[in-house]
Structures are given as structure tokens and as C-alpha cells.
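Student: Structure below; questions to follow.
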Amino acid sequence: MSNRLSSYFNASQELRQLSHKVDALLALQRHYEQIAPSSLGRASHVVQINQQILVIAADTGTVAAKLRQLAPVLTPLFQNGGYEITGIQIKVQVALPINTRPPRPTSLTSIGRQQLVDFTVKLQDSPLKTALQRLAKGN
């Protein structure tokens with residue numbers, strides 16, 4: 001952390017406490033990444049520690065179920081690392097997926113326009129026919 005940012009966090013008691021809490025959570029996260037199976041470590045993270053109960057958020061219910069099974073094994077590993085952990089609570093916190101699909105075209109192709117025109121010819125005058133004709137024109 002830069003000296004300027006560090007001096008900002010040390011300016012008030014509240015920010016100093018927050019900074020220490022964040023540092024402690026980062027240390028717990030680093031230790032968790034070392035002791036947890038790598039596939040589970042990538043799909044979960046340390047959220048908080050409250051009254052010696054470590055809270056870990058899992059990305060899916062499946063990961064949460066596996067971590068619940070491993071909690072009795074992970075607890076002593078945290079204790080051996082010098083952390084005063086008496087239990088582990090697992091919560092599911094689904095991460096939003098990154099949209100990797102290309103955006104769908106927002107306009108009709110010429111074939112689609114012609115098919116709409118052909119279809120509207122078969123319809124009786126109605127609000128649906130008017131709307132489809134507007135759509136076929138591209139308005």
C-alpha cells in the first residue's frame with residue numbers, strides 16, 4: 001500500500017479498524033487458497049469472521065455442499081495456521097456469469113422482412129397486422 005493511502009487509512013480510528021479487518025480477511029483468504037482443494041478454492045472465498053466462526057461463500061450449491069463436508073477438516077488446518085477458528089459456516093453466493101455470447105442482431109434480415117410481409121398479407125386488418133407491417137419496414 002502506498003504511503004499516501006496508508007496515511008489516509010491511519011487518519012481516523014474507523015478507517016484504521018477497517019483497514020486492519022480487510023488485512024485480516026486477505027490473510028485468511030490467502031491461507032484458505034493454500035489449504036482448500038484448488039477447484040473449490042477457485043469457486044469460493046472468505047467473506048467474514050464473526051465470533052471465531054469463519055464464513056465462506058461458495059459460487060454454487062454443489063461447491064457449498066462439498067465445503068460443508070470438508071469443514072471439519074479445514075477447521076484444524078486454519079487453527080494450525082495460527083487462526084482462532086472454532087467453526088466454518090458455508091453460504092451460497094452465486095456469482096453472476098460473464099456474458100460471453102456475441103450480441104444477437106437487433107434488426108431483421110431481408111429474408112425475415114420478406115417473410116413478415118408475406119405473412120401479413122394473409123392477416124385481416126388488425127393491430128397485429130399493423131404492428132407486423134411496421135416491423136417489416138424497420139420502423
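Chains: A, B, ... in order of the C-alpha cells. Residues: from 1 per chain. Ligands: from 1, in order shown.
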Need to verify the contact set: His20 in chain A, 12 Å, only C-alpha atoms, exclusion of same-chain residues closer than 6 positions in sequence. Can you return it as a list in words?

Tutor: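 Listing them by chain and then by number gives Ser6, Phe9, Asn10, Gln13, Glu14, Leu26 and Ala27 of chain A.
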
Student: May I have the selected residues written with N, CA and C atoms, as a short mmCIF file (atom, residue, chain, number, x, y, z; two decimals), in the first residue's frame?

Tutor:
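File produced: result.cif:
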```cif
data_model
loop_
_atom_site.label_atom_id
_atom_site.label_comp_id
_atom_site.auth_asym_id
_atom_site.auth_seq_id
_atom_site.Cartn_x
_atom_site.Cartn_y
_atom_site.Cartn_z
N SER A 6 -1.86 4.79 2.92
CA SER A 6 -1.68 4.32 4.28
C SER A 6 -1.94 5.44 5.28
N PHE A 9 -5.69 5.95 5.63
CA PHE A 9 -6.35 4.96 6.47
C PHE A 9 -6.01 5.15 7.95
N ASN A 10 -4.86 5.70 8.24
CA ASN A 10 -4.48 5.93 9.63
C ASN A 10 -5.02 7.25 10.18
N GLN A 13 -9.81 6.56 13.42
CA GLN A 13 -9.91 5.27 14.11
C GLN A 13 -10.75 4.28 13.29
N GLU A 14 -11.86 4.75 12.72
CA GLU A 14 -12.76 3.87 11.96
C GLU A 14 -12.06 3.30 10.73
N LEU A 26 -7.87 -10.70 4.08
CA LEU A 26 -6.98 -11.06 2.97
C LEU A 26 -6.02 -12.16 3.38
N ALA A 27 -5.52 -12.09 4.60
CA ALA A 27 -4.63 -13.14 5.09
C ALA A 27 -5.38 -14.46 5.20
#
```

Student: Which residues are near Val73 in chain A? Cut-off 12 Å, only C-alpha atoms, ignore same chain within fewer than 2 positions. Put them as a list in words.

Tutor: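 Surrounding residues, per the criterion: Ile35, Ala36, Pro37, Lys66, Leu67, Arg68, Gln69, Leu70, Ala71, Thr75, Pro76, Leu77, Phe78, Gln79, Asn80, Thr86, Gly87 and Ile88 of chain A.
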
Student: Write out as a PyMOL selection string each polymer residue whose atoms come within 10 Å of Ala43 in chain A, counting only C-alpha atoms; drop sequence neighbours fewer than 5 positions from it.

Tutor: chain A and resi 38+57-60+63-64+94-95

Student: Dump C-alpha atoms for the selected residues as a JSON list (two decimals), in the first residue's frame?

Tutor:
```json
[["chain", "number", "residue", "atom", "x", "y", "z"],
["A", 38, "SER", "CA", -7.81, -25.85, -5.82],
["A", 57, "ALA", "CA", -19.17, -18.02, 0.26],
["A", 58, "ALA", "CA", -19.49, -20.69, -2.42],
["A", 59, "ASP", "CA", -20.39, -19.89, -6.03],
["A", 60, "THR", "CA", -22.76, -22.85, -6.37],
["A", 63, "VAL", "CA", -19.42, -26.30, -4.09],
["A", 64, "ALA", "CA", -21.17, -25.37, -0.84],
["A", 94, "VAL", "CA", -23.97, -17.18, -6.74],
["A", 95, "ALA", "CA", -21.66, -15.15, -8.90]]
```

Student: Write out as a PDB file with N, CA and C atoms, in the first residue's frame all residues of range 35-92 of chain A that backbone DSSP assigns to alpha helix (DSSP H).

Tutor:
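The result, stored in selection13.pdb:
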```
ATOM      1  N   ILE A  35      -4.913 -24.105   1.631  1.00  0.00           N
ATOM      2  CA  ILE A  35      -5.338 -25.360   2.260  1.00  0.00           C
ATOM      3  C   ILE A  35      -6.541 -26.018   1.585  1.00  0.00           C
ATOM      4  N   SER A  38      -7.869 -26.974  -4.877  1.00  0.00           N
ATOM      5  CA  SER A  38      -7.807 -25.854  -5.821  1.00  0.00           C
ATOM      6  C   SER A  38      -9.129 -25.602  -6.548  1.00  0.00           C
ATOM      7  N   SER A  39      -9.835 -26.654  -6.941  1.00  0.00           N
ATOM      8  CA  SER A  39     -11.108 -26.447  -7.649  1.00  0.00           C
ATOM      9  C   SER A  39     -12.131 -25.765  -6.752  1.00  0.00           C
ATOM     10  N   LEU A  40     -12.131 -26.100  -5.468  1.00  0.00           N
ATOM     11  CA  LEU A  40     -13.069 -25.465  -4.539  1.00  0.00           C
ATOM     12  C   LEU A  40     -12.601 -24.062  -4.161  1.00  0.00           C
ATOM     13  N   GLY A  41     -11.300 -23.880  -4.068  1.00  0.00           N
ATOM     14  CA  GLY A  41     -10.758 -22.567  -3.741  1.00  0.00           C
ATOM     15  C   GLY A  41     -11.071 -21.529  -4.797  1.00  0.00           C
ATOM     16  N   ARG A  42     -11.104 -21.956  -6.058  1.00  0.00           N
ATOM     17  CA  ARG A  42     -11.436 -21.026  -7.146  1.00  0.00           C
ATOM     18  C   ARG A  42     -12.920 -20.688  -7.172  1.00  0.00           C
ATOM     19  N   GLY A  61     -24.319 -24.287  -5.255  1.00  0.00           N
ATOM     20  CA  GLY A  61     -24.770 -25.191  -4.206  1.00  0.00           C
ATOM     21  C   GLY A  61     -23.912 -26.435  -4.114  1.00  0.00           C
ATOM     22  N   THR A  62     -23.416 -26.906  -5.235  1.00  0.00           N
ATOM     23  CA  THR A  62     -22.558 -28.088  -5.249  1.00  0.00           C
ATOM     24  C   THR A  62     -21.251 -27.823  -4.512  1.00  0.00           C
ATOM     25  N   VAL A  63     -20.659 -26.671  -4.774  1.00  0.00           N
ATOM     26  CA  VAL A  63     -19.417 -26.302  -4.093  1.00  0.00           C
ATOM     27  C   VAL A  63     -19.684 -26.150  -2.596  1.00  0.00           C
ATOM     28  N   ALA A  64     -20.819 -25.549  -2.257  1.00  0.00           N
ATOM     29  CA  ALA A  64     -21.165 -25.368  -0.843  1.00  0.00           C
ATOM     30  C   ALA A  64     -21.315 -26.718  -0.141  1.00  0.00           C
ATOM     31  N   ALA A  65     -21.964 -27.667  -0.804  1.00  0.00           N
ATOM     32  CA  ALA A  65     -22.146 -28.994  -0.200  1.00  0.00           C
ATOM     33  C   ALA A  65     -20.805 -29.669   0.053  1.00  0.00           C
ATOM     34  N   LYS A  66     -19.903 -29.575  -0.898  1.00  0.00           N
ATOM     35  CA  LYS A  66     -18.586 -30.188  -0.729  1.00  0.00           C
ATOM     36  C   LYS A  66     -17.799 -29.490   0.384  1.00  0.00           C
ATOM     37  N   LEU A  67     -17.894 -28.154   0.457  1.00  0.00           N
ATOM     38  CA  LEU A  67     -17.187 -27.430   1.517  1.00  0.00           C
ATOM     39  C   LEU A  67     -17.765 -27.753   2.891  1.00  0.00           C
ATOM     40  N   ARG A  68     -19.064 -27.978   2.966  1.00  0.00           N
ATOM     41  CA  ARG A  68     -19.660 -28.370   4.245  1.00  0.00           C
ATOM     42  C   ARG A  68     -19.111 -29.720   4.708  1.00  0.00           C
ATOM     43  N   GLN A  69     -18.891 -30.610   3.748  1.00  0.00           N
ATOM     44  CA  GLN A  69     -18.298 -31.904   4.086  1.00  0.00           C
ATOM     45  C   GLN A  69     -16.853 -31.732   4.565  1.00  0.00           C
ATOM     46  N   LEU A  70     -16.141 -30.775   3.966  1.00  0.00           N
ATOM     47  CA  LEU A  70     -14.727 -30.574   4.296  1.00  0.00           C
ATOM     48  C   LEU A  70     -14.503 -29.655   5.496  1.00  0.00           C
ATOM     49  N   ALA A  71     -15.526 -28.988   5.982  1.00  0.00           N
ATOM     50  CA  ALA A  71     -15.367 -28.026   7.083  1.00  0.00           C
ATOM     51  C   ALA A  71     -14.670 -28.624   8.298  1.00  0.00           C
ATOM     52  N   PRO A  72     -15.013 -29.859   8.725  1.00  0.00           N
ATOM     53  CA  PRO A  72     -14.303 -30.428   9.876  1.00  0.00           C
ATOM     54  C   PRO A  72     -12.816 -30.665   9.618  1.00  0.00           C
ATOM     55  N   VAL A  73     -12.438 -30.807   8.354  1.00  0.00           N
ATOM     56  CA  VAL A  73     -11.025 -30.987   8.005  1.00  0.00           C
ATOM     57  C   VAL A  73     -10.330 -29.627   7.896  1.00  0.00           C
ATOM     58  N   LEU A  74     -11.041 -28.630   7.358  1.00  0.00           N
ATOM     59  CA  LEU A  74     -10.440 -27.313   7.159  1.00  0.00           C
ATOM     60  C   LEU A  74     -10.236 -26.557   8.471  1.00  0.00           C
ATOM     61  N   THR A  75     -11.137 -26.758   9.427  1.00  0.00           N
ATOM     62  CA  THR A  75     -11.046 -26.027  10.699  1.00  0.00           C
ATOM     63  C   THR A  75      -9.696 -26.215  11.386  1.00  0.00           C
ATOM     64  N   PRO A  76      -9.222 -27.460  11.594  1.00  0.00           N
ATOM     65  CA  PRO A  76      -7.903 -27.601  12.223  1.00  0.00           C
ATOM     66  C   PRO A  76      -6.760 -27.071  11.363  1.00  0.00           C
ATOM     67  N   LEU A  77      -6.937 -27.072  10.048  1.00  0.00           N
ATOM     68  CA  LEU A  77      -5.896 -26.516   9.179  1.00  0.00           C
ATOM     69  C   LEU A  77      -5.777 -25.004   9.380  1.00  0.00           C
ATOM     70  N   PHE A  78      -6.902 -24.335   9.588  1.00  0.00           N
ATOM     71  CA  PHE A  78      -6.853 -22.914   9.919  1.00  0.00           C
ATOM     72  C   PHE A  78      -6.216 -22.716  11.286  1.00  0.00           C
ATOM     73  N   GLN A  79      -6.596 -23.561  12.240  1.00  0.00           N
ATOM     74  CA  GLN A  79      -6.040 -23.449  13.595  1.00  0.00           C
ATOM     75  C   GLN A  79      -4.528 -23.662  13.577  1.00  0.00           C
ATOM     76  N   ASN A  80      -4.065 -24.623  12.791  1.00  0.00           N
ATOM     77  CA  ASN A  80      -2.624 -24.872  12.677  1.00  0.00           C
ATOM     78  C   ASN A  80      -1.901 -23.696  12.031  1.00  0.00           C
TER      79      ASN A  80
END
```

Student: Where does DSSP see strand (DSSP E or B) in range 1-138 of chain A, if you list the residues as a list in words?

Tutor: Ser44, His45, Val46, Val47, Gln48, Ile49, Asn50, Ile53, Leu54, Val55, Ile56, Ala57, Ala58, Gly87, Ile88, Gln89, Ile90, Lys91 and Val92 of chain A

Student: Restricting the calculation to only C-alpha atoms, which member of A:Gln51, A:Ala11, A:Arg4, A:Gly81 is positioned closest to Tyr32 in chain A?

Tutor: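 Of A:Gln51, A:Ala11, A:Arg4, A:Gly81, the one nearest Tyr32 in chain A, counting only C-alpha atoms, is A:Gly81.
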
Student: Quick one: everything within 10 Å of Gln133 in chain A, counting only C-alpha atoms, minus sequence neighbours fewer than 2 positions away in the same chain. Send it as a PDB file with N, CA and C atoms, in the first residue's frame.

Tutor:
```pdb
ATOM      1  N   ARG A 113     -37.669  -9.977 -43.223  1.00  0.00           N
ATOM      2  CA  ARG A 113     -38.612  -8.913 -43.599  1.00  0.00           C
ATOM      3  C   ARG A 113     -39.611  -9.422 -44.640  1.00  0.00           C
ATOM      4  N   LEU A 116     -42.188 -11.678 -43.131  1.00  0.00           N
ATOM      5  CA  LEU A 116     -43.203 -10.921 -42.395  1.00  0.00           C
ATOM      6  C   LEU A 116     -44.212 -10.296 -43.357  1.00  0.00           C
ATOM      7  N   VAL A 117     -43.731  -9.732 -44.449  1.00  0.00           N
ATOM      8  CA  VAL A 117     -44.627  -9.137 -45.443  1.00  0.00           C
ATOM      9  C   VAL A 117     -45.572 -10.201 -45.994  1.00  0.00           C
ATOM     10  N   ASP A 118     -45.020 -11.365 -46.335  1.00  0.00           N
ATOM     11  CA  ASP A 118     -45.839 -12.458 -46.867  1.00  0.00           C
ATOM     12  C   ASP A 118     -46.884 -12.905 -45.851  1.00  0.00           C
ATOM     13  N   PHE A 119     -46.518 -12.929 -44.595  1.00  0.00           N
ATOM     14  CA  PHE A 119     -47.428 -13.357 -43.543  1.00  0.00           C
ATOM     15  C   PHE A 119     -48.532 -12.324 -43.315  1.00  0.00           C
ATOM     16  N   THR A 120     -48.173 -11.036 -43.331  1.00  0.00           N
ATOM     17  CA  THR A 120     -49.177 -10.005 -43.070  1.00  0.00           C
ATOM     18  C   THR A 120     -50.225  -9.936 -44.170  1.00  0.00           C
ATOM     19  N   VAL A 121     -49.892 -10.363 -45.376  1.00  0.00           N
ATOM     20  CA  VAL A 121     -50.868 -10.381 -46.464  1.00  0.00           C
ATOM     21  C   VAL A 121     -52.029 -11.320 -46.125  1.00  0.00           C
ATOM     22  N   PRO A 127     -54.667  -4.665 -35.223  1.00  0.00           N
ATOM     23  CA  PRO A 127     -53.456  -4.038 -34.659  1.00  0.00           C
ATOM     24  C   PRO A 127     -52.218  -4.925 -34.847  1.00  0.00           C
ATOM     25  N   LEU A 128     -52.397  -6.246 -34.817  1.00  0.00           N
ATOM     26  CA  LEU A 128     -51.268  -7.152 -35.027  1.00  0.00           C
ATOM     27  C   LEU A 128     -50.701  -6.985 -36.429  1.00  0.00           C
ATOM     28  N   LYS A 129     -51.596  -6.915 -37.435  1.00  0.00           N
ATOM     29  CA  LYS A 129     -51.142  -6.755 -38.813  1.00  0.00           C
ATOM     30  C   LYS A 129     -50.397  -5.438 -38.985  1.00  0.00           C
ATOM     31  N   THR A 130     -50.908  -4.369 -38.381  1.00  0.00           N
ATOM     32  CA  THR A 130     -50.259  -3.057 -38.466  1.00  0.00           C
ATOM     33  C   THR A 130     -48.879  -3.097 -37.820  1.00  0.00           C
ATOM     34  N   ALA A 131     -48.792  -3.737 -36.664  1.00  0.00           N
ATOM     35  CA  ALA A 131     -47.502  -3.823 -35.957  1.00  0.00           C
ATOM     36  C   ALA A 131     -46.494  -4.635 -36.757  1.00  0.00           C
ATOM     37  N   LEU A 135     -42.913  -3.474 -38.346  1.00  0.00           N
ATOM     38  CA  LEU A 135     -41.689  -4.224 -38.058  1.00  0.00           C
ATOM     39  C   LEU A 135     -40.987  -4.610 -39.360  1.00  0.00           C
ATOM     40  N   ALA A 136     -41.762  -5.014 -40.356  1.00  0.00           N
ATOM     41  CA  ALA A 136     -41.169  -5.405 -41.641  1.00  0.00           C
ATOM     42  C   ALA A 136     -40.517  -4.209 -42.346  1.00  0.00           C
ATOM     43  N   LYS A 137     -41.067  -3.009 -42.135  1.00  0.00           N
ATOM     44  CA  LYS A 137     -40.497  -1.804 -42.744  1.00  0.00           C
ATOM     45  C   LYS A 137     -39.242  -1.348 -42.017  1.00  0.00           C
ATOM     46  N   GLY A 138     -39.100  -1.794 -40.775  1.00  0.00           N
ATOM     47  CA  GLY A 138     -37.924  -1.408 -39.998  1.00  0.00           C
ATOM     48  C   GLY A 138     -38.143  -0.168 -39.154  1.00  0.00           C
ATOM     49  N   ASN A 139     -39.363   0.226 -38.929  1.00  0.00           N
ATOM     50  CA  ASN A 139     -39.654   1.414 -38.112  1.00  0.00           C
ATOM     51  C   ASN A 139     -39.884   1.028 -36.679  1.00  0.00           C
TER      52      ASN A 139
END
```

Student: Give me the residues within 6 Å of Val55 in chain A as a list in words, counting only C-alpha atoms and dropping any in the same chain fewer than 6 places off.

Tutor: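 Residues near the query, excluding close chain neighbours: Val47, Gln48, Ile49, Ile88, Gln89 and Ile90 of chain A.
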
Student: Next, write the just-selected residues to a file, as a tab-separated table (two decimals), in the first residue's frame, keeping C-alpha atoms as the atom set.

Tutor:
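What follows is the written file selection-v9.tsv:
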```tsv
chain	number	residue	atom	x	y	z
A	47	VAL	CA	-16.39	-13.46	3.46
A	48	GLN	CA	-16.01	-12.71	7.16
A	49	ILE	CA	-15.09	-13.99	10.56
A	88	ILE	CA	-16.78	-22.78	9.45
A	89	GLN	CA	-20.10	-21.66	8.00
A	90	ILE	CA	-20.71	-22.05	4.28
```
